[in-house]
Each structure stands twice: as structure tokens, then as C-alpha cells.
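Asker: What follows is model.cif, mmCIF, N, CA and C atoms.
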data_coords
#
loop_
_atom_site.label_atom_id
_atom_site.label_comp_id
_atom_site.auth_asym_id
_atom_site.auth_seq_id
_atom_site.Cartn_x
_atom_site.Cartn_y
_atom_site.Cartn_z
N PRO A 30 59.27 25.45 -17.75
CA PRO A 30 58.27 24.72 -16.97
C PRO A 30 56.93 25.45 -16.96
N PRO A 31 55.89 24.85 -17.51
CA PRO A 31 54.61 25.54 -17.62
C PRO A 31 54.00 25.92 -16.27
N GLU A 32 54.26 25.17 -15.21
CA GLU A 32 53.67 25.48 -13.91
C GLU A 32 54.35 26.65 -13.21
N ALA A 33 55.48 27.07 -13.70
CA ALA A 33 56.21 28.18 -13.09
C ALA A 33 55.52 29.50 -13.38
N ARG A 34 55.60 30.40 -12.44
CA ARG A 34 55.08 31.75 -12.63
C ARG A 34 56.23 32.72 -12.88
N VAL A 35 57.41 32.38 -12.36
CA VAL A 35 58.60 33.22 -12.52
C VAL A 35 59.74 32.34 -13.01
N LEU A 36 60.44 32.80 -14.05
CA LEU A 36 61.60 32.08 -14.55
C LEU A 36 62.83 32.95 -14.33
N ILE A 37 63.94 32.31 -13.99
CA ILE A 37 65.22 33.00 -13.82
C ILE A 37 66.19 32.40 -14.82
N PHE A 38 66.84 33.28 -15.59
CA PHE A 38 67.84 32.84 -16.57
C PHE A 38 69.16 33.54 -16.30
N THR A 39 70.24 32.77 -16.36
CA THR A 39 71.58 33.35 -16.23
C THR A 39 72.39 33.18 -17.51
N SER A 40 71.74 32.69 -18.57
CA SER A 40 72.43 32.56 -19.85
C SER A 40 71.43 32.48 -20.99
N MET A 41 71.91 32.85 -22.18
CA MET A 41 71.08 32.73 -23.38
C MET A 41 70.82 31.25 -23.69
N ASN A 42 71.74 30.37 -23.32
CA ASN A 42 71.52 28.94 -23.54
C ASN A 42 70.31 28.45 -22.77
N GLY A 43 70.14 28.94 -21.56
CA GLY A 43 68.97 28.58 -20.76
C GLY A 43 67.68 29.08 -21.41
N VAL A 44 67.71 30.30 -21.90
CA VAL A 44 66.54 30.86 -22.59
C VAL A 44 66.19 29.99 -23.79
N ARG A 45 67.19 29.66 -24.62
CA ARG A 45 66.94 28.85 -25.82
C ARG A 45 66.38 27.47 -25.45
N ALA A 46 66.94 26.86 -24.43
CA ALA A 46 66.50 25.51 -24.05
C ALA A 46 65.04 25.51 -23.58
N VAL A 47 64.69 26.46 -22.75
CA VAL A 47 63.31 26.52 -22.24
C VAL A 47 62.35 26.92 -23.35
N ALA A 48 62.74 27.90 -24.17
CA ALA A 48 61.88 28.33 -25.28
C ALA A 48 61.59 27.18 -26.24
N ALA A 49 62.56 26.31 -26.44
CA ALA A 49 62.36 25.17 -27.34
C ALA A 49 61.44 24.11 -26.74
N GLY A 50 61.33 24.11 -25.41
CA GLY A 50 60.57 23.06 -24.74
C GLY A 50 59.16 23.42 -24.33
N ILE A 51 58.81 24.71 -24.32
CA ILE A 51 57.46 25.11 -23.93
C ILE A 51 56.92 26.15 -24.89
N THR A 52 55.61 26.25 -24.97
CA THR A 52 54.99 27.26 -25.83
C THR A 52 54.47 28.46 -25.04
N GLU A 53 54.24 28.29 -23.74
CA GLU A 53 53.72 29.38 -22.92
C GLU A 53 54.76 30.48 -22.77
N ARG A 54 54.31 31.71 -22.79
CA ARG A 54 55.21 32.84 -22.60
C ARG A 54 54.60 33.86 -21.62
N HIS A 55 53.78 33.36 -20.69
CA HIS A 55 53.12 34.23 -19.72
C HIS A 55 53.98 34.51 -18.48
N HIS A 56 55.08 33.86 -18.37
CA HIS A 56 55.92 33.95 -17.19
C HIS A 56 56.53 35.34 -17.00
N GLU A 57 56.75 35.69 -15.76
CA GLU A 57 57.59 36.84 -15.42
C GLU A 57 59.02 36.32 -15.46
N VAL A 58 59.92 37.02 -16.15
CA VAL A 58 61.27 36.52 -16.39
C VAL A 58 62.30 37.50 -15.83
N TYR A 59 63.26 36.96 -15.08
CA TYR A 59 64.38 37.74 -14.55
C TYR A 59 65.65 37.18 -15.15
N CYS A 60 66.50 38.09 -15.68
CA CYS A 60 67.71 37.69 -16.37
C CYS A 60 68.93 38.35 -15.75
N VAL A 61 70.06 37.66 -15.83
CA VAL A 61 71.30 38.17 -15.26
C VAL A 61 71.78 39.44 -15.95
N GLY A 62 71.60 39.52 -17.26
CA GLY A 62 72.11 40.67 -17.99
C GLY A 62 71.25 41.03 -19.18
N ASP A 63 71.65 42.09 -19.85
CA ASP A 63 70.86 42.63 -20.96
C ASP A 63 70.81 41.70 -22.17
N ARG A 64 71.91 41.00 -22.46
CA ARG A 64 71.90 40.08 -23.61
C ARG A 64 70.96 38.91 -23.37
N THR A 65 70.97 38.38 -22.16
CA THR A 65 70.05 37.29 -21.82
C THR A 65 68.62 37.79 -21.86
N ALA A 66 68.37 38.99 -21.36
CA ALA A 66 67.03 39.58 -21.40
C ALA A 66 66.57 39.79 -22.84
N ALA A 67 67.46 40.25 -23.69
CA ALA A 67 67.12 40.43 -25.11
C ALA A 67 66.75 39.10 -25.75
N ALA A 68 67.47 38.04 -25.40
CA ALA A 68 67.16 36.71 -25.92
C ALA A 68 65.78 36.26 -25.45
N ALA A 69 65.44 36.54 -24.20
CA ALA A 69 64.12 36.16 -23.66
C ALA A 69 63.01 36.93 -24.38
N ARG A 70 63.23 38.21 -24.61
CA ARG A 70 62.23 39.00 -25.35
C ARG A 70 62.09 38.48 -26.78
N ALA A 71 63.21 38.18 -27.41
CA ALA A 71 63.17 37.66 -28.78
C ALA A 71 62.46 36.31 -28.86
N ALA A 72 62.51 35.55 -27.76
CA ALA A 72 61.84 34.25 -27.71
C ALA A 72 60.34 34.38 -27.42
N GLY A 73 59.90 35.61 -27.10
CA GLY A 73 58.47 35.83 -26.94
C GLY A 73 57.98 36.21 -25.56
N TRP A 74 58.84 36.22 -24.56
CA TRP A 74 58.40 36.65 -23.24
C TRP A 74 58.25 38.17 -23.23
N GLN A 75 57.19 38.66 -22.61
CA GLN A 75 56.91 40.09 -22.58
C GLN A 75 57.38 40.75 -21.29
N ARG A 76 57.24 40.05 -20.19
CA ARG A 76 57.58 40.63 -18.87
C ARG A 76 58.99 40.18 -18.48
N VAL A 77 59.99 40.90 -18.98
CA VAL A 77 61.39 40.53 -18.80
C VAL A 77 62.12 41.65 -18.06
N ILE A 78 62.81 41.30 -16.99
CA ILE A 78 63.58 42.25 -16.20
C ILE A 78 65.03 41.81 -16.20
N SER A 79 65.94 42.75 -16.48
CA SER A 79 67.37 42.46 -16.50
C SER A 79 68.03 43.03 -15.26
N ALA A 80 68.93 42.25 -14.66
CA ALA A 80 69.74 42.74 -13.54
C ALA A 80 70.91 43.56 -14.05
N ALA A 81 71.14 43.54 -15.37
CA ALA A 81 72.21 44.31 -16.02
C ALA A 81 73.55 44.11 -15.35
N GLY A 82 73.85 42.86 -14.99
CA GLY A 82 75.13 42.63 -14.31
C GLY A 82 75.51 41.17 -14.26
N ASP A 83 75.82 40.74 -13.05
CA ASP A 83 76.30 39.39 -12.82
C ASP A 83 75.37 38.67 -11.84
N LEU A 84 75.77 37.48 -11.41
CA LEU A 84 74.94 36.68 -10.51
C LEU A 84 74.63 37.42 -9.20
N PRO A 85 75.60 38.07 -8.55
CA PRO A 85 75.25 38.83 -7.34
C PRO A 85 74.25 39.96 -7.60
N ALA A 86 74.34 40.61 -8.76
CA ALA A 86 73.38 41.66 -9.10
C ALA A 86 71.98 41.07 -9.28
N LEU A 87 71.89 39.92 -9.91
CA LEU A 87 70.61 39.24 -10.09
C LEU A 87 70.04 38.82 -8.74
N GLN A 88 70.88 38.25 -7.89
CA GLN A 88 70.46 37.85 -6.55
C GLN A 88 69.90 39.05 -5.79
N ALA A 89 70.58 40.19 -5.84
CA ALA A 89 70.13 41.40 -5.15
C ALA A 89 68.79 41.89 -5.71
N LEU A 90 68.64 41.87 -7.03
CA LEU A 90 67.39 42.28 -7.66
C LEU A 90 66.23 41.40 -7.19
N LEU A 91 66.46 40.10 -7.15
CA LEU A 91 65.42 39.17 -6.74
C LEU A 91 65.08 39.32 -5.26
N GLU A 92 66.08 39.62 -4.42
CA GLU A 92 65.83 39.82 -2.99
C GLU A 92 64.96 41.05 -2.76
N GLU A 93 65.11 42.08 -3.60
CA GLU A 93 64.32 43.31 -3.46
C GLU A 93 62.85 43.08 -3.81
N LYS A 94 62.60 42.15 -4.72
CA LYS A 94 61.24 41.86 -5.17
C LYS A 94 60.49 41.13 -4.07
N GLN A 95 59.27 41.53 -3.83
CA GLN A 95 58.44 40.87 -2.81
C GLN A 95 57.56 39.81 -3.47
N PHE A 96 58.09 38.61 -3.59
CA PHE A 96 57.33 37.51 -4.18
C PHE A 96 56.39 36.92 -3.14
N PHE A 97 55.21 36.51 -3.58
CA PHE A 97 54.31 35.80 -2.68
C PHE A 97 54.89 34.41 -2.44
N PRO A 98 54.82 33.91 -1.20
CA PRO A 98 55.38 32.58 -0.92
C PRO A 98 54.82 31.48 -1.80
N SER A 99 53.61 31.67 -2.32
CA SER A 99 53.00 30.63 -3.16
C SER A 99 53.50 30.66 -4.60
N LYS A 100 54.27 31.66 -4.98
CA LYS A 100 54.80 31.74 -6.34
C LYS A 100 55.71 30.55 -6.63
N THR A 101 55.61 30.03 -7.84
CA THR A 101 56.53 28.99 -8.28
C THR A 101 57.64 29.68 -9.06
N ILE A 102 58.85 29.66 -8.49
CA ILE A 102 60.00 30.32 -9.10
C ILE A 102 61.00 29.26 -9.52
N VAL A 103 61.39 29.29 -10.78
CA VAL A 103 62.29 28.27 -11.30
C VAL A 103 63.54 28.93 -11.88
N TYR A 104 64.68 28.51 -11.38
CA TYR A 104 65.97 28.94 -11.90
C TYR A 104 66.36 27.94 -12.98
N CYS A 105 66.30 28.35 -14.25
CA CYS A 105 66.60 27.50 -15.39
C CYS A 105 68.08 27.65 -15.70
N ARG A 106 68.84 26.59 -15.45
CA ARG A 106 70.29 26.72 -15.49
C ARG A 106 70.95 25.59 -16.26
N GLY A 107 72.23 25.77 -16.49
CA GLY A 107 73.02 24.73 -17.10
C GLY A 107 73.47 23.70 -16.06
N PHE A 108 74.01 22.61 -16.54
CA PHE A 108 74.52 21.56 -15.64
C PHE A 108 75.65 22.09 -14.77
N ASP A 109 76.55 22.86 -15.38
CA ASP A 109 77.68 23.46 -14.67
C ASP A 109 77.38 24.93 -14.44
N VAL A 110 77.38 25.35 -13.18
CA VAL A 110 77.14 26.76 -12.86
C VAL A 110 78.18 27.24 -11.86
N SER A 111 78.40 28.55 -11.84
CA SER A 111 79.36 29.11 -10.89
C SER A 111 78.70 29.49 -9.57
N GLY A 112 77.38 29.48 -9.52
CA GLY A 112 76.67 29.83 -8.30
C GLY A 112 75.21 29.44 -8.40
N ASN A 113 74.49 29.60 -7.31
CA ASN A 113 73.08 29.23 -7.28
C ASN A 113 72.27 30.45 -6.86
N ILE A 114 70.98 30.40 -7.08
CA ILE A 114 70.07 31.46 -6.67
C ILE A 114 69.26 30.93 -5.49
N GLU A 115 69.33 31.62 -4.38
CA GLU A 115 68.53 31.27 -3.21
C GLU A 115 67.92 32.53 -2.65
N LEU A 116 66.62 32.48 -2.33
CA LEU A 116 65.93 33.64 -1.79
C LEU A 116 65.41 33.33 -0.39
N LYS A 117 65.40 34.33 0.45
CA LYS A 117 64.97 34.13 1.83
C LYS A 117 63.46 33.95 1.94
N GLN A 118 62.70 34.72 1.13
CA GLN A 118 61.26 34.75 1.32
C GLN A 118 60.49 33.65 0.58
N VAL A 119 61.09 33.07 -0.46
CA VAL A 119 60.40 32.03 -1.23
C VAL A 119 61.38 30.95 -1.67
N ARG A 120 60.82 29.80 -1.99
CA ARG A 120 61.65 28.68 -2.46
C ARG A 120 61.89 28.83 -3.96
N VAL A 121 63.12 28.62 -4.36
CA VAL A 121 63.50 28.64 -5.77
C VAL A 121 63.86 27.22 -6.18
N GLU A 122 63.16 26.72 -7.20
CA GLU A 122 63.48 25.40 -7.74
C GLU A 122 64.59 25.57 -8.77
N SER A 123 65.64 24.82 -8.63
CA SER A 123 66.75 24.87 -9.58
C SER A 123 66.61 23.69 -10.53
N ARG A 124 66.46 23.99 -11.82
CA ARG A 124 66.31 22.93 -12.82
C ARG A 124 67.37 23.06 -13.91
N VAL A 125 68.05 21.95 -14.16
CA VAL A 125 69.03 21.91 -15.24
C VAL A 125 68.25 21.78 -16.56
N VAL A 126 68.44 22.77 -17.45
CA VAL A 126 67.72 22.76 -18.73
C VAL A 126 68.64 22.54 -19.93
N TYR A 127 69.95 22.59 -19.70
CA TYR A 127 70.90 22.31 -20.77
C TYR A 127 72.23 21.91 -20.17
N ARG A 128 73.06 21.32 -21.01
CA ARG A 128 74.41 20.95 -20.60
C ARG A 128 75.36 21.30 -21.74
N ALA A 129 76.34 22.12 -21.43
CA ALA A 129 77.34 22.48 -22.43
C ALA A 129 78.43 21.41 -22.42
N GLU A 130 78.69 20.85 -23.56
CA GLU A 130 79.71 19.81 -23.68
C GLU A 130 80.99 20.41 -24.27
N LYS A 131 82.10 19.98 -23.75
CA LYS A 131 83.38 20.42 -24.28
C LYS A 131 83.63 19.77 -25.64
N ALA A 132 84.07 20.58 -26.58
CA ALA A 132 84.46 20.03 -27.88
C ALA A 132 85.85 19.41 -27.72
N PRO A 133 86.10 18.24 -28.30
CA PRO A 133 87.40 17.58 -28.13
C PRO A 133 88.54 18.36 -28.81
N VAL A 134 88.21 19.08 -29.89
CA VAL A 134 89.22 19.87 -30.62
C VAL A 134 88.54 21.11 -31.18
N LEU A 135 89.35 22.10 -31.50
CA LEU A 135 88.82 23.29 -32.15
C LEU A 135 88.53 22.97 -33.62
N SER A 136 87.49 23.58 -34.15
CA SER A 136 87.14 23.33 -35.55
C SER A 136 88.20 23.93 -36.47
N PRO A 137 88.30 23.42 -37.69
CA PRO A 137 89.27 23.99 -38.64
C PRO A 137 89.04 25.49 -38.86
N GLY A 138 87.79 25.91 -38.94
CA GLY A 138 87.49 27.32 -39.13
C GLY A 138 87.96 28.18 -37.97
N CYS A 139 87.79 27.68 -36.77
CA CYS A 139 88.25 28.40 -35.57
C CYS A 139 89.77 28.49 -35.57
N LEU A 140 90.43 27.40 -35.87
CA LEU A 140 91.90 27.41 -35.91
C LEU A 140 92.42 28.38 -36.97
N GLU A 141 91.73 28.45 -38.09
CA GLU A 141 92.14 29.38 -39.15
C GLU A 141 92.05 30.82 -38.65
N ILE A 142 90.99 31.15 -37.95
CA ILE A 142 90.84 32.51 -37.40
C ILE A 142 91.92 32.79 -36.37
N LEU A 143 92.17 31.85 -35.48
CA LEU A 143 93.16 32.04 -34.42
C LEU A 143 94.57 32.24 -34.99
N ARG A 144 94.86 31.56 -36.09
CA ARG A 144 96.18 31.66 -36.71
C ARG A 144 96.31 32.83 -37.68
N GLY A 145 95.18 33.44 -38.00
CA GLY A 145 95.17 34.51 -38.99
C GLY A 145 95.72 35.82 -38.47
N PRO A 146 96.03 36.71 -39.39
CA PRO A 146 96.65 37.99 -39.03
C PRO A 146 95.70 38.95 -38.30
N GLY A 147 94.40 38.78 -38.46
CA GLY A 147 93.47 39.71 -37.85
C GLY A 147 93.07 39.38 -36.42
N PHE A 148 93.54 38.24 -35.92
CA PHE A 148 93.16 37.83 -34.57
C PHE A 148 93.98 38.59 -33.53
N ALA A 149 93.29 39.22 -32.57
CA ALA A 149 93.99 40.01 -31.55
C ALA A 149 93.71 39.52 -30.15
N ALA A 150 92.50 39.01 -29.88
CA ALA A 150 92.16 38.63 -28.50
C ALA A 150 90.97 37.69 -28.52
N ALA A 151 90.81 36.96 -27.44
CA ALA A 151 89.65 36.09 -27.25
C ALA A 151 88.97 36.50 -25.95
N LEU A 152 87.65 36.58 -25.98
CA LEU A 152 86.89 36.92 -24.78
C LEU A 152 86.21 35.66 -24.25
N PHE A 153 86.28 35.46 -22.95
CA PHE A 153 85.64 34.31 -22.32
C PHE A 153 84.68 34.82 -21.27
N PHE A 154 83.48 34.24 -21.24
CA PHE A 154 82.45 34.72 -20.34
C PHE A 154 82.17 33.77 -19.19
N SER A 155 83.01 32.77 -19.04
CA SER A 155 82.89 31.90 -17.87
C SER A 155 84.26 31.27 -17.59
N PRO A 156 84.51 30.96 -16.33
CA PRO A 156 85.79 30.31 -15.99
C PRO A 156 85.94 28.96 -16.70
N ARG A 157 84.83 28.24 -16.87
CA ARG A 157 84.90 26.93 -17.51
C ARG A 157 85.32 27.06 -18.97
N THR A 158 84.78 28.05 -19.66
CA THR A 158 85.16 28.26 -21.06
C THR A 158 86.62 28.62 -21.19
N ALA A 159 87.09 29.50 -20.34
CA ALA A 159 88.52 29.88 -20.37
C ALA A 159 89.40 28.68 -20.10
N GLU A 160 89.03 27.87 -19.13
CA GLU A 160 89.82 26.69 -18.79
C GLU A 160 89.81 25.70 -19.95
N THR A 161 88.68 25.51 -20.59
CA THR A 161 88.58 24.59 -21.72
C THR A 161 89.43 25.06 -22.89
N PHE A 162 89.41 26.36 -23.15
CA PHE A 162 90.20 26.91 -24.24
C PHE A 162 91.67 26.68 -24.01
#
So, in terms of C-alpha cells, how does the structure I just supplied come out?

Answerer:
Amino acid sequence: PPEARVLIFTSMNGVRAVAAGITERHHEVYCVGDRTAAAARAAGWQRVISAAGDLPALQALLEEKQFFPSKTIVYCRGFDVSGNIELKQVRVESRVVYRAEKAPVLSPGCLEILRGPGFAAALFFSPRTAETF
């Protein structure tokens, strides 16, 4: 959102969606973790701060920051989220910028890897992904 002064990202998908939709990169950006922050920097934002953790760590980082009440802060999120960002001192606008759709079946390439001899474990980074799998 071009009118925003501060953007909050909790996923690389959010970074990609917003980066594809706007050309401005003057925003101050707060990210849940280092990978999301790296994606924001790679997309061209210069002022990027990582909470280096999870949603509660990001919430705590944002609470420590003294934002002016007039700041426009936008939480750029997916349709399905495990939590929300709310700050006591300023209003945070929550905007859905992407929606992850469940694939009806696993791709042939994915099935080949899962059935192969080298497969040992699968990592899931959200409860929804684990449930879908």
C-alpha cells in the first residue's frame, strides 16, 4: 500500500505479493523472521527489521517501538493466519494481500521424492500446511 509508512510481514508470500503490486520501497518494514526480512531486502526495501522469531516476538518488537499515532501501519497478511497484530499506541490496518490455495493432489515430482530412498523428513512451517499434507 503506497500510503503506508510502515509495513509488517509475517511471510515471504506477503513480501512477494506486495512487491509485485507496488513500486515504492520507502517504507519501514518489520518482519517476523530473518528469511522474511531477507526477502524484503531482496525485493528492494532498505529499512528492514527482523524480529528473528515468531508472531509473539514480532508483536513484542513492535510494542517496544514508539510509533507516532499518525503513522499508517499496515499488516500485509495472507487470508488464513494463526494470529493478528494489534498495538496499543497506534492502529494497525490488517490487509489480506494473498491467499494460499490447497492443491487437490501432490504433484508427480513431489510423490516421486516422497517415495524415493533419500527422503527422511518433511518440515512444515504452519499448522495449516501440516494439516493439508

Asker: Segment 112-137 of chain A near segment 38-51 of chain A within 8 Å: what's each residue's closest atom pair and its distance in Å to one decimal, counting all atoms listed in the file, ordered by chain then ascending residue number, as a Markdown table?

Answerer:
| residue | atom | partner | partner_atom | distance |
| --- | --- | --- | --- | --- |
| A:Val126 | C | A:Ala46 | CA | 5.5 |
| A:Tyr127 | N | A:Gly43 | CA | 6.2 |
| A:Arg128 | N | A:Asn42 | C | 7.8 |

Asker: Got a sec to tell me which of segment 48-152 of chain A DSSP assigns to strand (DSSP E or B), as a CSV table (one decimal) with N, CA and C atoms, in the coordinates of the input?

Answerer:
chain,number,residue,atom,x,y,z
A,57,GLU,N,56.8,35.7,-15.8
A,57,GLU,CA,57.6,36.8,-15.4
A,57,GLU,C,59.0,36.3,-15.5
A,58,VAL,N,59.9,37.0,-16.2
A,58,VAL,CA,61.3,36.5,-16.4
A,58,VAL,C,62.3,37.5,-15.8
A,59,TYR,N,63.3,37.0,-15.1
A,59,TYR,CA,64.4,37.7,-14.6
A,59,TYR,C,65.6,37.2,-15.2
A,60,CYS,N,66.5,38.1,-15.7
A,60,CYS,CA,67.7,37.7,-16.4
A,60,CYS,C,68.9,38.4,-15.8
A,76,ARG,N,57.2,40.0,-20.2
A,76,ARG,CA,57.6,40.6,-18.9
A,76,ARG,C,59.0,40.2,-18.5
A,77,VAL,N,60.0,40.9,-19.0
A,77,VAL,CA,61.4,40.5,-18.8
A,77,VAL,C,62.1,41.6,-18.1
A,78,ILE,N,62.8,41.3,-17.0
A,78,ILE,CA,63.6,42.2,-16.2
A,78,ILE,C,65.0,41.8,-16.2
A,79,SER,N,65.9,42.8,-16.5
A,79,SER,CA,67.4,42.5,-16.5
A,79,SER,C,68.0,43.0,-15.3
A,102,ILE,N,58.8,29.7,-8.5
A,102,ILE,CA,60.0,30.3,-9.1
A,102,ILE,C,61.0,29.3,-9.5
A,103,VAL,N,61.4,29.3,-10.8
A,103,VAL,CA,62.3,28.3,-11.3
A,103,VAL,C,63.5,28.9,-11.9
A,104,TYR,N,64.7,28.5,-11.4
A,104,TYR,CA,66.0,28.9,-11.9
A,104,TYR,C,66.4,27.9,-13.0
A,105,CYS,N,66.3,28.4,-14.2
A,105,CYS,CA,66.6,27.5,-15.4
A,105,CYS,C,68.1,27.6,-15.7
A,106,ARG,N,68.8,26.6,-15.4
A,106,ARG,CA,70.3,26.7,-15.5
A,106,ARG,C,71.0,25.6,-16.3
A,107,GLY,N,72.2,25.8,-16.5
A,107,GLY,CA,73.0,24.7,-17.1
A,107,GLY,C,73.5,23.7,-16.1
A,121,VAL,N,63.1,28.6,-4.4
A,121,VAL,CA,63.5,28.6,-5.8
A,121,VAL,C,63.9,27.2,-6.2
A,122,GLU,N,63.2,26.7,-7.2
A,122,GLU,CA,63.5,25.4,-7.7
A,122,GLU,C,64.6,25.6,-8.8
A,123,SER,N,65.6,24.8,-8.6
A,123,SER,CA,66.8,24.9,-9.6
A,123,SER,C,66.6,23.7,-10.5
A,124,ARG,N,66.5,24.0,-11.8
A,124,ARG,CA,66.3,22.9,-12.8
A,124,ARG,C,67.4,23.1,-13.9
A,125,VAL,N,68.0,22.0,-14.2
A,125,VAL,CA,69.0,21.9,-15.2
A,125,VAL,C,68.2,21.8,-16.6
A,126,VAL,N,68.4,22.8,-17.4
A,126,VAL,CA,67.7,22.8,-18.7
A,126,VAL,C,68.6,22.5,-19.9
A,127,TYR,N,70.0,22.6,-19.7
A,127,TYR,CA,70.9,22.3,-20.8
A,127,TYR,C,72.2,21.9,-20.2

Asker: Would you kindly translate the PyMOL selection byres ((chain A and resi 56) around 6.5) into the concrete residues it picks from this file, as number ranges by chain?

Answerer: A: 33-36, 53-55, 57-58, 76

Asker: Separation of atom N of Phe108 of chain A and atom C of Ala66 of chain A, in Å?

Answerer: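 Atom-to-atom, atom N of Phe108 of chain A and atom C of Ala66 of chain A are spaced 19.8 Å apart.
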
Asker: I'd like to see the residues matched by the PyMOL selection byres ((chain A and resi 61) around 5) on this file, and ideally I'd get them as a VMD selection string.

Answerer: chain A and resid 38 to 39 59 to 60 62 to 63 80 to 82

Asker: Can you measure atom CA of Val121 of chain A to atom N of Pro98 of chain A for me? One decimal in Å is fine.

Answerer: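 Rounded to one decimal, the two atoms are 11.1 Å apart.
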
Asker: I'd like to see the residues matched by the PyMOL selection byres (((chain A and resi 89-97 and name CA) around 10) and name CA) on this file, and ideally I'd get them as a compact mmCIF listing (two decimals) with N, CA and C atoms, in the frame of the given file.

Answerer:
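This is the output file selection.txt:
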# COMPACT_ATOMS: atom_id res chain seq x y z
N VAL A 35 57.41 32.38 -12.36
CA VAL A 35 58.60 33.22 -12.52
C VAL A 35 59.74 32.34 -13.01
N ILE A 37 63.94 32.31 -13.99
CA ILE A 37 65.22 33.00 -13.82
C ILE A 37 66.19 32.40 -14.82
N TYR A 59 63.26 36.96 -15.08
CA TYR A 59 64.38 37.74 -14.55
C TYR A 59 65.65 37.18 -15.15
N CYS A 60 66.50 38.09 -15.68
CA CYS A 60 67.71 37.69 -16.37
C CYS A 60 68.93 38.35 -15.75
N VAL A 61 70.06 37.66 -15.83
CA VAL A 61 71.30 38.17 -15.26
C VAL A 61 71.78 39.44 -15.95
N ILE A 78 62.81 41.30 -16.99
CA ILE A 78 63.58 42.25 -16.20
C ILE A 78 65.03 41.81 -16.20
N SER A 79 65.94 42.75 -16.48
CA SER A 79 67.37 42.46 -16.50
C SER A 79 68.03 43.03 -15.26
N ALA A 80 68.93 42.25 -14.66
CA ALA A 80 69.74 42.74 -13.54
C ALA A 80 70.91 43.56 -14.05
N ALA A 81 71.14 43.54 -15.37
CA ALA A 81 72.21 44.31 -16.02
C ALA A 81 73.55 44.11 -15.35
N LEU A 84 75.77 37.48 -11.41
CA LEU A 84 74.94 36.68 -10.51
C LEU A 84 74.63 37.42 -9.20
N PRO A 85 75.60 38.07 -8.55
CA PRO A 85 75.25 38.83 -7.34
C PRO A 85 74.25 39.96 -7.60
N ALA A 86 74.34 40.61 -8.76
CA ALA A 86 73.38 41.66 -9.10
C ALA A 86 71.98 41.07 -9.28
N LEU A 87 71.89 39.92 -9.91
CA LEU A 87 70.61 39.24 -10.09
C LEU A 87 70.04 38.82 -8.74
N GLN A 88 70.88 38.25 -7.89
CA GLN A 88 70.46 37.85 -6.55
C GLN A 88 69.90 39.05 -5.79
N PRO A 98 54.82 33.91 -1.20
CA PRO A 98 55.38 32.58 -0.92
C PRO A 98 54.82 31.48 -1.80
N SER A 99 53.61 31.67 -2.32
CA SER A 99 53.00 30.63 -3.16
C SER A 99 53.50 30.66 -4.60
N LYS A 100 54.27 31.66 -4.98
CA LYS A 100 54.80 31.74 -6.34
C LYS A 100 55.71 30.55 -6.63
N THR A 101 55.61 30.03 -7.84
CA THR A 101 56.53 28.99 -8.28
C THR A 101 57.64 29.68 -9.06
N ILE A 102 58.85 29.66 -8.49
CA ILE A 102 60.00 30.32 -9.10
C ILE A 102 61.00 29.26 -9.52
N ILE A 114 70.98 30.40 -7.08
CA ILE A 114 70.07 31.46 -6.67
C ILE A 114 69.26 30.93 -5.49
N GLU A 115 69.33 31.62 -4.38
CA GLU A 115 68.53 31.27 -3.21
C GLU A 115 67.92 32.53 -2.65
N LEU A 116 66.62 32.48 -2.33
CA LEU A 116 65.93 33.64 -1.79
C LEU A 116 65.41 33.33 -0.39
N LYS A 117 65.40 34.33 0.45
CA LYS A 117 64.97 34.13 1.83
C LYS A 117 63.46 33.95 1.94
N GLN A 118 62.70 34.72 1.13
CA GLN A 118 61.26 34.75 1.32
C GLN A 118 60.49 33.65 0.58
N VAL A 119 61.09 33.07 -0.46
CA VAL A 119 60.40 32.03 -1.23
C VAL A 119 61.38 30.95 -1.67
N ARG A 120 60.82 29.80 -1.99
CA ARG A 120 61.65 28.68 -2.46
C ARG A 120 61.89 28.83 -3.96

Asker: Write out as number ranges by chain all residues of chain A that DSSP puts in helix (DSSP H, G or I) for this structure's backbone.

Answerer: A: 41-50, 63-71, 84-93, 137-144, 156-161

Asker: Quick one: pull the distance between atom C of Cys105 of chain A and atom CA of Leu135 of chain A, Å, one decimal.

Answerer: 26.8 Å
